[in-house]
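Step one of this worksheet: look at the structure below.
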There are 4 protein chains.
Amino acid sequence: MARVTVWNEFLHEKRNDEVKAIYPDGIHAVIAGFLRGAGHEVGTATLEMPEHGLTAEVLEQTDVLIWWGHMAHDKVDDAVVNRVRDRVLEGMGLIVLHSGHASKIFQALMGTDTWNLRWYHSDTYERVWVVDKSHRIAQGLDDCFVIPQDEVYGEHFGIPEPEHLVFITWFPGGEVFRSGCCFHRGAGKIFYFQPGHETFPIYHQSEVQTVIKNAVDWARPASINKVTYTTGNVTLMEEDA
Amino acid sequence: MARVTVWNEFLHEKRNDEVKAIYPDGIHAVIAGFLRGAGHEVGTATLEMPEHGLTAEVLEQTDVLIWWGHMAHDKVDDAVVNRVRDRVLEGMGLIVLHSGHASKIFQALMGTDTWNLRWYHSDTYERVWVVDKSHRIAQGLDDCFVIPQDEVYGEHFGIPEPEHLVFITWFPGGEVFRSGCCFHRGAGKIFYFQPGHETFPIYHQSEVQTVIKNAVDWARPASINKVTYTTGNVTLMEEDA
Amino acid sequence: MARVTVWNEFLHEKRNDEVKAIYPDGIHAVIAGFLRGAGHEVGTATLEMPEHGLTAEVLEQTDVLIWWGHMAHDKVDDAVVNRVRDRVLEGMGLIVLHSGHASKIFQALMGTDTWNLRWYHSDTYERVWVVDKSHRIAQGLDDCFVIPQDEVYGEHFGIPEPEHLVFITWFPGGEVFRSGCCFHRGAGKIFYFQPGHETFPIYHQSEVQTVIKNAVDWARPASINKVTYTTGNVTLMEEDA
Amino acid sequence: MARVTVWNEFLHEKRNDEVKAIYPDGIHAVIAGFLRGAGHEVGTATLEMPEHGLTAEVLEQTDVLIWWGHMAHDKVDDAVVNRVRDRVLEGMGLIVLHSGHASKIFQALMGTDTWNLRWYHSDTYERVWVVDKSHRIAQGLDDCFVIPQDEVYGEHFGIPEPEHLVFITWFPGGEVFRSGCCFHRGAGKIFYFQPGHETFPIYHQSEVQTVIKNAVDWARPASINKVTYTTGNVTLMEEDA
């Protein structure tokens, strides 16, 4: 059991009837639902809450933070971004979904222009290939799975080389995309997962839920304790030096 | 200028008229030709030569070895495989092309079942995406390029996770493939490149030649000297220890 | 709970009284003991058993194999080495201890001259630094810990660059050593851990036992099922291709 | 020949007679000197110049930027940091020296708390071990070399796991440090090198100059052209999709 906070921008669902029909209570509600079903203790937070719902207290009690944002990345307060970053370095896992690739927090942790990729609207399918079935995040999946409809994301994707590449997505339009990418920053594990355009019921799909549930298990800290080291101006280790 | 040896199994070209029409003097002759054009000092070697043309003398004088094999991997003598492996560990670069993925030497260096991948014969095109245009091997290439006809290779590919992934190939049939993969073993650099079925004129194509020429520049040792370390039973470093 | 097999050469303990005094029933008995104490189901196997105790049946029932060998690496049958290798690629974890760096199985999986390092006999201490305290294998450890007496191993160590480096050992004689190294080969996880000379009671030490217990948890496969992919000559994925 | 800009904070040399005696014209002057001697076209820039000497024009003409800073990291303007970051992503190499580990630019590119490490003042020696002699940055070096006097830096060092680890430093006081670390961000290569406390003549030492000269050759972009990709809202690749 991990303590998960699902953060969602939660604007499309209020403003766009098509999205509202798919996610009446928000994308976060659907994700929180299946994670609760998997036995996790799950809270949610959204952009328009005070401090975007990500107070120091909330983050302190969060093992894994899930991030979905799209149209309002620039509305996220820098102080909150820094707080999330510091908590990741301390050991909190972070799962960045779909358009969250362009979020301030993902850019800050990667150090690159992660907003940078090819994209176009589409109503066609995509095929997600599992490059490493032995990885914790791929448990229970087949060699590949199809998402019936999604936006297209194509390379080049402006990330540092992933430490482990778990998925590559194939699009009928000719694109490929490194769609499941693992990183470490400080004591925190970070996973980026590409599928999830808001106008399609992607987070209702079984394989996608499997990936996110697995990613929570992978990204949660190995210990409940924060990782700290004795650093700064220390005295020497060896008395006989 | 590097000293390159192009090794080719050289059986298809003798036995199959279709292949012979494309490579009348063998795949190795075409590759050697454009590498000489790039200023390299190039020799060739083939399976049916004594010691497969890879004597200790030849390897000693080789900075980068290129390997193309397909139907006769098991005919390659283990002693020669070991000799090549030792020379790679010493610093010789190795470029493994297409069906060379199943060669004894590539398996020995990777430590995995590199013969393991999806494949089927096809006469359709493939699109090679450049995942990292800043890499030495991708110089002069566009975001992606098309190879008009090739065999299909699809994931899962039984390699260790590449240290750098330079290319991903997209196939119209629904597959993706990690098609340009960099590794180090000992002091040697290793590059695997997927395109190159013998029944199509792939090594005559400009972009493919660019990749192989770049790969030679990348894989050649940084120094003409072999890399050696003082190892074994040594005395301690510090007199005051 | 994982199913662990502890393999030990078990020669020093029979031939050398000093070693026998520390490990009267063999190094494997001590390691098996504390792993059983951690709740694992543990078997042991030694060089002089038929098939070195590593029959197909034993390996089939092993989630994590631990390997200690030193003076008789060349006595290990190649057929057994291949069997272990295949089982690692299928998902079995492998933990290689101390002089096991020069074992056939570690060399086969790494693809390099892993026997190659500096060493000398010593009765002095070493300091093991934890480079990544967030790693599963470092749970419960401090910033560093001291092993009172051990043989000295120094760089250069002939391994491929580790995927994750967890420990670096410092020796008073002036050496450093990458002493806790993580790799993947196929579906299997591999961990190398340097401390453990047979003439000192190193596997009786609490921190060393913590590392090995953690490493079992890290190296065990994510699923009880073997990892397999549909590969070989397949038909194309897309009917409309 | 690369176009190099050596950036130095240049405060210690003006305020501290001990430092001034070693670097009368500044650390940058010494580094620029030996790089010019190696055939590079070298400019210098310092904190107190307008825009810290790192105008858009200067960066545009820089292939590799070298960074030395210590006591005034917080005086570096964020706009300049962002400009340097963008230029690195575009392909400019960056070499971060010694206390530059705590600079804004290194933190921004790494995404972690790179200021975080053990340290203490010392006048004792350190031993720099070459973990990978085949690396471009290690050319011409022996298995290890000694720096007679330096400040002590010890693990844990708050960096992401290096893509390649070239050096590990051993200190007589019991510390180890990952002292030569390679990273990529965007199209730019980044190298961190630990030795270099301002009160000792470290940049006058032959081996240190060799490392920095090699690092310039490694970090310079493979092509004079900036690396760009077609990204953003594109049309699909395949007309028949």
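A note on labels: chains of the structure tokens are A, B, ... as shown, every chain counts residues from 1, and ligands are counted from 1 in their shown order.
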
Any chance you could tabulate, as a tab-separated table, the residues of chain B at most 6 Å from chain C with each one's nearest atom pair and distance in Å to one decimal, using only C-alpha atoms, in chain and rising number order?
```
residue	atom	partner	partner_atom	distance
B:Ala108	CA	C:Gly111	CA	5.7
B:Leu109	CA	C:Gly111	CA	4.2
B:Met110	CA	C:Gly111	CA	5.6
B:Gly111	CA	C:Leu109	CA	4.2
B:Leu117	CA	C:Thr231	CA	5.0
B:Arg118	CA	C:Thr231	CA	4.3
B:Trp119	CA	C:Asn233	CA	5.0
B:Tyr120	CA	C:Asn233	CA	5.3
B:Pro160	CA	C:Arg185	CA	5.6
B:Pro172	CA	C:Ala241	CA	5.7
B:Gly173	CA	C:Ala241	CA	5.0
B:Gly174	CA	C:Met237	CA	5.3
B:Arg185	CA	C:Pro160	CA	5.6
B:Thr231	CA	C:Arg118	CA	4.3
B:Gly232	CA	C:Arg118	CA	4.8
B:Asn233	CA	C:Trp119	CA	5.0
B:Val234	CA	C:Tyr120	CA	5.9
B:Leu236	CA	C:Gly173	CA	5.4
B:Met237	CA	C:Gly174	CA	5.3
B:Glu238	CA	C:Gly173	CA	5.0
B:Ala241	CA	C:Gly173	CA	5.0
```

Can you list, as number ranges by chain, all residues belonging to segment 190-220 of chain C that DSSP tags as helix (DSSP H, G or I)? C: 202-204, 206-219

Selected residues written out with all heavy atoms, as a short mmCIF file (atom, residue, chain, number, x, y, z; two decimals), in the first residue's frame:
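Wrote it out as again.cif, contents follow:
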```cif
data_model
loop_
_atom_site.label_atom_id
_atom_site.label_comp_id
_atom_site.auth_asym_id
_atom_site.auth_seq_id
_atom_site.Cartn_x
_atom_site.Cartn_y
_atom_site.Cartn_z
N ILE C 202 33.48 -12.12 7.09
CA ILE C 202 32.75 -11.00 6.49
C ILE C 202 31.26 -11.31 6.35
O ILE C 202 30.42 -10.43 6.55
CB ILE C 202 33.41 -10.63 5.15
CG1 ILE C 202 34.80 -10.04 5.45
CG2 ILE C 202 32.55 -9.66 4.36
CD1 ILE C 202 35.67 -9.79 4.25
N TYR C 203 30.92 -12.56 6.02
CA TYR C 203 29.48 -12.86 5.85
C TYR C 203 28.77 -13.05 7.19
O TYR C 203 27.57 -13.28 7.22
CB TYR C 203 29.30 -14.07 4.93
CG TYR C 203 29.85 -13.80 3.55
CD1 TYR C 203 30.96 -14.48 3.06
CD2 TYR C 203 29.28 -12.82 2.74
CE1 TYR C 203 31.49 -14.21 1.81
CE2 TYR C 203 29.80 -12.53 1.50
CZ TYR C 203 30.91 -13.23 1.03
OH TYR C 203 31.43 -12.94 -0.20
N HIS C 204 29.53 -12.93 8.27
CA HIS C 204 28.91 -12.87 9.60
C HIS C 204 28.56 -11.43 10.00
O HIS C 204 27.90 -11.23 11.01
CB HIS C 204 29.87 -13.45 10.65
CG HIS C 204 30.09 -14.93 10.55
ND1 HIS C 204 29.15 -15.85 10.94
CD2 HIS C 204 31.14 -15.65 10.07
CE1 HIS C 204 29.62 -17.07 10.74
NE2 HIS C 204 30.82 -16.98 10.20
N SER C 206 26.89 -7.81 10.13
CA SER C 206 25.51 -7.36 9.97
C SER C 206 25.26 -6.57 8.68
O SER C 206 24.33 -6.85 7.92
CB SER C 206 25.14 -6.51 11.20
OG SER C 206 23.99 -5.76 10.94
N GLU C 207 26.11 -5.58 8.38
CA GLU C 207 25.86 -4.75 7.19
C GLU C 207 25.96 -5.58 5.91
O GLU C 207 25.22 -5.35 4.95
CB GLU C 207 26.86 -3.59 7.10
CG GLU C 207 26.68 -2.54 8.19
CD GLU C 207 27.60 -2.79 9.37
OE1 GLU C 207 28.02 -3.97 9.58
OE2 GLU C 207 27.92 -1.83 10.09
N VAL C 208 26.87 -6.53 5.90
CA VAL C 208 27.03 -7.37 4.71
C VAL C 208 25.80 -8.24 4.52
O VAL C 208 25.31 -8.43 3.40
CB VAL C 208 28.32 -8.21 4.83
CG1 VAL C 208 28.41 -9.25 3.72
CG2 VAL C 208 29.55 -7.30 4.83
N GLN C 209 25.27 -8.74 5.61
CA GLN C 209 24.05 -9.55 5.54
C GLN C 209 22.88 -8.68 5.07
O GLN C 209 22.05 -9.13 4.27
CB GLN C 209 23.75 -10.17 6.91
CG GLN C 209 24.84 -11.18 7.33
CD GLN C 209 24.50 -11.94 8.61
OE1 GLN C 209 23.45 -11.72 9.21
NE2 GLN C 209 25.38 -12.86 9.00
N THR C 210 22.84 -7.45 5.54
CA THR C 210 21.79 -6.53 5.08
C THR C 210 21.87 -6.35 3.57
O THR C 210 20.85 -6.40 2.87
CB THR C 210 21.93 -5.17 5.79
OG1 THR C 210 21.68 -5.36 7.18
CG2 THR C 210 20.96 -4.14 5.23
N VAL C 211 23.07 -6.13 3.05
CA VAL C 211 23.24 -5.93 1.60
C VAL C 211 22.74 -7.16 0.85
O VAL C 211 21.99 -7.05 -0.13
CB VAL C 211 24.71 -5.64 1.25
CG1 VAL C 211 24.92 -5.69 -0.26
CG2 VAL C 211 25.12 -4.28 1.81
N ILE C 212 23.12 -8.34 1.29
CA ILE C 212 22.76 -9.55 0.55
C ILE C 212 21.25 -9.80 0.65
O ILE C 212 20.61 -10.16 -0.34
CB ILE C 212 23.60 -10.75 1.04
CG1 ILE C 212 25.08 -10.50 0.68
CG2 ILE C 212 23.12 -12.06 0.40
CD1 ILE C 212 26.05 -11.53 1.26
N LYS C 213 20.68 -9.57 1.81
CA LYS C 213 19.22 -9.72 1.93
C LYS C 213 18.50 -8.72 1.02
O LYS C 213 17.54 -9.08 0.32
CB LYS C 213 18.79 -9.54 3.39
CG LYS C 213 19.14 -10.74 4.26
CD LYS C 213 18.60 -10.62 5.68
CE LYS C 213 19.46 -9.68 6.52
NZ LYS C 213 19.09 -9.70 7.96
N ASN C 214 18.95 -7.49 1.03
CA ASN C 214 18.35 -6.49 0.14
C ASN C 214 18.51 -6.89 -1.33
O ASN C 214 17.59 -6.71 -2.14
CB ASN C 214 19.02 -5.13 0.34
CG ASN C 214 18.62 -4.44 1.63
OD1 ASN C 214 17.61 -4.78 2.24
ND2 ASN C 214 19.42 -3.47 2.05
N ALA C 215 19.67 -7.40 -1.66
CA ALA C 215 19.95 -7.75 -3.05
C ALA C 215 19.03 -8.87 -3.52
O ALA C 215 18.62 -8.90 -4.68
CB ALA C 215 21.42 -8.14 -3.22
N VAL C 216 18.71 -9.79 -2.63
CA VAL C 216 17.75 -10.83 -2.99
C VAL C 216 16.39 -10.19 -3.32
O VAL C 216 15.76 -10.54 -4.33
CB VAL C 216 17.61 -11.86 -1.86
CG1 VAL C 216 16.38 -12.76 -2.06
CG2 VAL C 216 18.87 -12.72 -1.75
N ASP C 217 15.97 -9.25 -2.50
CA ASP C 217 14.68 -8.60 -2.76
C ASP C 217 14.71 -7.83 -4.08
O ASP C 217 13.73 -7.77 -4.81
CB ASP C 217 14.32 -7.66 -1.61
CG ASP C 217 13.86 -8.43 -0.39
OD1 ASP C 217 13.30 -9.53 -0.55
OD2 ASP C 217 14.07 -7.95 0.74
N TRP C 218 15.84 -7.21 -4.38
CA TRP C 218 15.97 -6.45 -5.62
C TRP C 218 16.03 -7.38 -6.83
O TRP C 218 15.42 -7.10 -7.86
CB TRP C 218 17.24 -5.58 -5.56
CG TRP C 218 17.53 -4.89 -6.85
CD1 TRP C 218 16.94 -3.75 -7.33
CD2 TRP C 218 18.48 -5.29 -7.86
NE1 TRP C 218 17.46 -3.42 -8.56
CE2 TRP C 218 18.40 -4.35 -8.91
CE3 TRP C 218 19.37 -6.36 -7.98
CZ2 TRP C 218 19.20 -4.45 -10.06
CZ3 TRP C 218 20.15 -6.44 -9.12
CH2 TRP C 218 20.07 -5.50 -10.14
N ALA C 219 16.79 -8.47 -6.72
CA ALA C 219 17.08 -9.30 -7.89
C ALA C 219 15.98 -10.29 -8.24
O ALA C 219 15.93 -10.80 -9.36
CB ALA C 219 18.39 -10.06 -7.68
#
```

Please list as a PDB file with N, CA and C atoms, in the first residue's frame every residue within 8 Å of Val166 of chain A, counting only C-alpha atoms and excluding residues in the same chain fewer than 3 positions away.
```pdb
ATOM      1  N   VAL A 130       6.045  -3.252 -25.641  1.00  0.00           N
ATOM      2  CA  VAL A 130       6.760  -3.444 -24.381  1.00  0.00           C
ATOM      3  C   VAL A 130       8.195  -3.838 -24.714  1.00  0.00           C
ATOM      4  N   VAL A 131       9.112  -2.944 -24.487  1.00  0.00           N
ATOM      5  CA  VAL A 131      10.518  -3.210 -24.812  1.00  0.00           C
ATOM      6  C   VAL A 131      11.166  -4.083 -23.741  1.00  0.00           C
ATOM      7  N   ASP A 132      10.687  -3.987 -22.510  1.00  0.00           N
ATOM      8  CA  ASP A 132      11.248  -4.787 -21.419  1.00  0.00           C
ATOM      9  C   ASP A 132      10.123  -5.351 -20.554  1.00  0.00           C
ATOM     10  N   LYS A 133       9.717  -6.576 -20.875  1.00  0.00           N
ATOM     11  CA  LYS A 133       8.628  -7.214 -20.123  1.00  0.00           C
ATOM     12  C   LYS A 133       9.030  -7.618 -18.716  1.00  0.00           C
ATOM     13  N   HIS A 135      10.425  -5.652 -16.644  1.00  0.00           N
ATOM     14  CA  HIS A 135      10.387  -4.475 -15.778  1.00  0.00           C
ATOM     15  C   HIS A 135       9.121  -4.484 -14.920  1.00  0.00           C
ATOM     16  N   ILE A 137       7.144  -2.275 -14.233  1.00  0.00           N
ATOM     17  CA  ILE A 137       6.042  -1.495 -14.807  1.00  0.00           C
ATOM     18  C   ILE A 137       5.321  -2.261 -15.914  1.00  0.00           C
ATOM     19  N   ALA A 138       5.930  -3.298 -16.447  1.00  0.00           N
ATOM     20  CA  ALA A 138       5.319  -4.047 -17.556  1.00  0.00           C
ATOM     21  C   ALA A 138       4.645  -5.337 -17.107  1.00  0.00           C
ATOM     22  N   SER A 179       7.737   6.021 -25.116  1.00  0.00           N
ATOM     23  CA  SER A 179       6.502   6.332 -24.408  1.00  0.00           C
ATOM     24  C   SER A 179       6.458   5.867 -22.968  1.00  0.00           C
ATOM     25  N   GLY A 180       7.453   5.120 -22.531  1.00  0.00           N
ATOM     26  CA  GLY A 180       7.522   4.707 -21.123  1.00  0.00           C
ATOM     27  C   GLY A 180       8.958   4.820 -20.680  1.00  0.00           C
ATOM     28  N   CYS A 181       9.269   5.866 -19.915  1.00  0.00           N
ATOM     29  CA  CYS A 181      10.655   6.262 -19.656  1.00  0.00           C
ATOM     30  C   CYS A 181      10.902   6.400 -18.159  1.00  0.00           C
ATOM     31  N   CYS A 182      11.938   5.735 -17.658  1.00  0.00           N
ATOM     32  CA  CYS A 182      12.297   5.776 -16.237  1.00  0.00           C
ATOM     33  C   CYS A 182      13.521   6.651 -16.006  1.00  0.00           C
TER      34      CYS A 182
END
```

Selection near Gly69 of chain B, 12 Å with only C-alpha atoms, sequence-local residues under 3 positions removed, as a PyMOL selection string: chain B and resi 6-13+26-28+45-47+52+66+72-76+95-106+115+196-198

For atom CA of Val64 of chain C and atom CA of Arg87 of chain C, quote the distance in Å rounded to one decimal.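 Separation between atom CA of Val64 of chain C and atom CA of Arg87 of chain C: 10.1 Å.
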
List as a PyMOL selection string the protein and nucleic acid residues near Glu57 of chain D, meaning an atom at most 12 Å away when only C-alpha atoms are counted, but skip any in the same chain fewer than 6 places from it. chain D and resi 5+51+83-84+87

Which one is closest to Arg136 of chain C: C:Arg220, C:Asp78, C:Glu60, C:Trp67? Count only C-alpha atoms.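 For Arg136 of chain C, the nearest of the given residues is C:Arg220.
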
So that I can check the secondary structure, give me every residue of chain A assigned strand (DSSP E or B) by backbone DSSP, as an NGL selection string. :A and (3-8 or 41-46 or 64-68 or 93-97 or 118-120 or 126-130 or 144-147 or 152-154 or 164-170 or 176-185 or 188-193 or 232-233)
